[in-house]
Amino acid sequence: MEHHIEQYQSREGGVTLHTWTEVQGSKKGNFYITGTSGSAIPMWFRTVLRQKNLSDITDFPYCPSCFYE
């Protein structure tokens with residue numbers, strides 16, 4: 001079982017974060033959230049990240065390269 005998170009530009013100009021758990025080749029526990037770069041990430045999504053043992057992210061990133069540094 002592996003946990004993943006990815007980030008991409010949303011159509012509205014914001015940032016979308018997507019997290020999921022891979023179980024036997026299938027994506028389970030998908031969560032998406034979209035927000036404006038620099039704005040705070042809601043606590044519920046941060047809780048999901050902690051439950052999946054992923055790094056906590058407090059604010060939406062400004063660009064993909066900022067997210068992956």
# chains A, B, ... in the order shown; residues from 1 in each chain; ligands from 1
call {"tool": "residues_around", "arguments": {"residues": "Leu49 in chain A", "least_positions_apart": "6", "cutoff": "10 Å", "atoms": "only C-alpha atoms", "output": "PDB file with N, CA, C and O atoms, in the first residue's frame"}}
result
ATOM      1  N   HIS A   3       1.059   5.589  -0.546  1.00  0.00           N
ATOM      2  CA  HIS A   3       0.291   6.839  -0.519  1.00  0.00           C
ATOM      3  C   HIS A   3       0.963   7.834  -1.460  1.00  0.00           C
ATOM      4  O   HIS A   3       2.193   7.924  -1.500  1.00  0.00           O
ATOM      5  N   HIS A   4       0.156   8.575  -2.203  1.00  0.00           N
ATOM      6  CA  HIS A   4       0.678   9.517  -3.193  1.00  0.00           C
ATOM      7  C   HIS A   4      -0.025  10.863  -3.062  1.00  0.00           C
ATOM      8  O   HIS A   4      -1.161  10.947  -2.628  1.00  0.00           O
ATOM      9  N   ILE A   5       0.685  11.896  -3.523  1.00  0.00           N
ATOM     10  CA  ILE A   5       0.074  13.221  -3.664  1.00  0.00           C
ATOM     11  C   ILE A   5       0.658  13.857  -4.916  1.00  0.00           C
ATOM     12  O   ILE A   5       1.834  13.680  -5.226  1.00  0.00           O
ATOM     13  N   THR A  19      -4.645  13.463  -3.590  1.00  0.00           N
ATOM     14  CA  THR A  19      -3.970  12.418  -2.831  1.00  0.00           C
ATOM     15  C   THR A  19      -4.775  11.131  -2.932  1.00  0.00           C
ATOM     16  O   THR A  19      -6.001  11.167  -3.040  1.00  0.00           O
ATOM     17  N   TRP A  20      -4.069  10.007  -2.944  1.00  0.00           N
ATOM     18  CA  TRP A  20      -4.719   8.708  -3.006  1.00  0.00           C
ATOM     19  C   TRP A  20      -3.802   7.645  -2.428  1.00  0.00           C
ATOM     20  O   TRP A  20      -2.620   7.860  -2.229  1.00  0.00           O
ATOM     21  N   PHE A  31      -8.772  11.994  -2.660  1.00  0.00           N
ATOM     22  CA  PHE A  31      -9.215  13.289  -2.159  1.00  0.00           C
ATOM     23  C   PHE A  31      -8.628  14.368  -3.061  1.00  0.00           C
ATOM     24  O   PHE A  31      -7.449  14.329  -3.390  1.00  0.00           O
ATOM     25  N   MET A  43      -7.988  22.397   7.333  1.00  0.00           N
ATOM     26  CA  MET A  43      -7.516  21.400   8.284  1.00  0.00           C
ATOM     27  C   MET A  43      -7.931  19.980   7.906  1.00  0.00           C
ATOM     28  O   MET A  43      -7.183  19.039   8.110  1.00  0.00           O
ATOM     29  N   SER A  55       3.772  14.441   3.924  1.00  0.00           N
ATOM     30  CA  SER A  55       4.196  15.725   4.485  1.00  0.00           C
ATOM     31  C   SER A  55       3.019  16.677   4.609  1.00  0.00           C
ATOM     32  O   SER A  55       2.168  16.752   3.718  1.00  0.00           O
ATOM     33  N   ASP A  56       2.983  17.407   5.721  1.00  0.00           N
ATOM     34  CA  ASP A  56       1.951  18.404   5.935  1.00  0.00           C
ATOM     35  C   ASP A  56       2.212  19.599   5.031  1.00  0.00           C
ATOM     36  O   ASP A  56       3.346  20.030   4.867  1.00  0.00           O
ATOM     37  N   ILE A  57       1.175  20.114   4.405  1.00  0.00           N
ATOM     38  CA  ILE A  57       1.271  21.294   3.541  1.00  0.00           C
ATOM     39  C   ILE A  57       0.317  22.327   4.130  1.00  0.00           C
ATOM     40  O   ILE A  57      -0.881  22.059   4.256  1.00  0.00           O
TER      41      ILE A  57
END
call {"tool": "select_by_dssp", "arguments": {"residues": "range 34-64 of chain A", "states": "helix (DSSP H, G or I)", "output": "MDAnalysis selection string"}}
result
chainID A and resid 43:51 64
call {"tool": "residues_around", "arguments": {"residues": "Gly14 in chain A", "least_positions_apart": "3", "cutoff": "9 Å", "atoms": "only C-alpha atoms", "output": "list in words"}}
result
Tyr8, Gln9, Ser10, Arg11, Thr34, Gly35, Thr36, Ser37, Phe60 and Tyr62 of chain A
call {"tool": "write_last_selection", "arguments": {"atoms": "N, CA and C atoms", "output": "PDB file, in the first residue's frame"}}
result
ATOM      1  N   TYR A   8      -1.389  19.990  -9.597  1.00  0.00           N
ATOM      2  CA  TYR A   8      -1.440  20.494 -10.963  1.00  0.00           C
ATOM      3  C   TYR A   8      -2.273  21.766 -11.023  1.00  0.00           C
ATOM      4  N   GLN A   9      -2.093  22.497 -12.104  1.00  0.00           N
ATOM      5  CA  GLN A   9      -2.805  23.759 -12.321  1.00  0.00           C
ATOM      6  C   GLN A   9      -4.264  23.454 -12.625  1.00  0.00           C
ATOM      7  N   SER A  10      -5.177  24.133 -11.957  1.00  0.00           N
ATOM      8  CA  SER A  10      -6.598  23.935 -12.249  1.00  0.00           C
ATOM      9  C   SER A  10      -7.030  24.857 -13.388  1.00  0.00           C
ATOM     10  N   ARG A  11      -8.156  24.551 -13.966  1.00  0.00           N
ATOM     11  CA  ARG A  11      -8.653  25.349 -15.094  1.00  0.00           C
ATOM     12  C   ARG A  11      -8.957  26.791 -14.706  1.00  0.00           C
ATOM     13  N   THR A  34      -8.993  22.148  -4.387  1.00  0.00           N
ATOM     14  CA  THR A  34      -8.501  23.212  -5.259  1.00  0.00           C
ATOM     15  C   THR A  34      -8.555  24.524  -4.497  1.00  0.00           C
ATOM     16  N   GLY A  35      -7.519  25.323  -4.659  1.00  0.00           N
ATOM     17  CA  GLY A  35      -7.471  26.625  -3.998  1.00  0.00           C
ATOM     18  C   GLY A  35      -6.560  27.581  -4.729  1.00  0.00           C
ATOM     19  N   THR A  36      -6.490  28.776  -4.229  1.00  0.00           N
ATOM     20  CA  THR A  36      -5.649  29.828  -4.790  1.00  0.00           C
ATOM     21  C   THR A  36      -4.250  29.722  -4.217  1.00  0.00           C
ATOM     22  N   SER A  37      -3.246  29.890  -5.070  1.00  0.00           N
ATOM     23  CA  SER A  37      -1.862  29.836  -4.618  1.00  0.00           C
ATOM     24  C   SER A  37      -1.640  30.761  -3.427  1.00  0.00           C
ATOM     25  N   PHE A  60      -1.391  26.436  -0.232  1.00  0.00           N
ATOM     26  CA  PHE A  60      -1.331  25.977  -1.612  1.00  0.00           C
ATOM     27  C   PHE A  60      -0.057  26.507  -2.261  1.00  0.00           C
ATOM     28  N   TYR A  62       2.690  27.829  -5.103  1.00  0.00           N
ATOM     29  CA  TYR A  62       2.588  28.829  -6.165  1.00  0.00           C
ATOM     30  C   TYR A  62       2.839  28.240  -7.533  1.00  0.00           C
TER      31      TYR A  62
END
call {"tool": "select_by_dssp", "arguments": {"residues": "chain A", "states": "strand (DSSP E or B)", "output": "number ranges by chain"}}
result
A: 2-9, 15-23, 26-35, 40, 59
call {"tool": "write_last_selection", "arguments": {"atoms": "C-alpha atoms", "output": "JSON list (two decimals), in the first residue's frame"}}
result
[["chain", "number", "residue", "atom", "x", "y", "z"],
["A", 2, "GLU", "CA", 1.54, 3.28, -1.13],
["A", 3, "HIS", "CA", 0.29, 6.84, -0.52],
["A", 4, "HIS", "CA", 0.68, 9.52, -3.19],
["A", 5, "ILE", "CA", 0.07, 13.22, -3.66],
["A", 6, "GLU", "CA", 0.27, 15.26, -6.85],
["A", 7, "GLN", "CA", -0.35, 18.87, -7.73],
["A", 8, "TYR", "CA", -1.44, 20.49, -10.96],
["A", 9, "GLN", "CA", -2.80, 23.76, -12.32],
["A", 15, "VAL", "CA", -3.92, 24.82, -7.77],
["A", 16, "THR", "CA", -5.40, 21.34, -7.33],
["A", 17, "LEU", "CA", -3.93, 18.83, -4.88],
["A", 18, "HIS", "CA", -4.84, 15.16, -5.30],
["A", 19, "THR", "CA", -3.97, 12.42, -2.83],
["A", 20, "TRP", "CA", -4.72, 8.71, -3.01],
["A", 21, "THR", "CA", -3.65, 5.33, -1.72],
["A", 22, "GLU", "CA", -2.58, 2.67, -4.19],
["A", 23, "VAL", "CA", -3.81, -0.79, -3.23],
["A", 26, "SER", "CA", -6.05, 0.52, -7.82],
["A", 27, "LYS", "CA", -6.48, 4.05, -6.49],
["A", 28, "LYS", "CA", -8.40, 4.11, -3.19],
["A", 29, "GLY", "CA", -9.17, 6.97, -0.83],
["A", 30, "ASN", "CA", -9.03, 9.72, -3.46],
["A", 31, "PHE", "CA", -9.22, 13.29, -2.16],
["A", 32, "TYR", "CA", -9.05, 16.45, -4.29],
["A", 33, "ILE", "CA", -8.90, 20.05, -3.17],
["A", 34, "THR", "CA", -8.50, 23.21, -5.26],
["A", 35, "GLY", "CA", -7.47, 26.62, -4.00],
["A", 40, "ALA", "CA", -4.29, 28.20, 3.56],
["A", 59, "ASP", "CA", -0.55, 26.65, 2.03]]
call {"tool": "closest_residue", "arguments": {"among": "A:Thr47, A:Ser39, A:Thr58, A:Asn53", "to": "Met1 in chain A", "atoms": "only C-alpha atoms"}}
result
A:Asn53
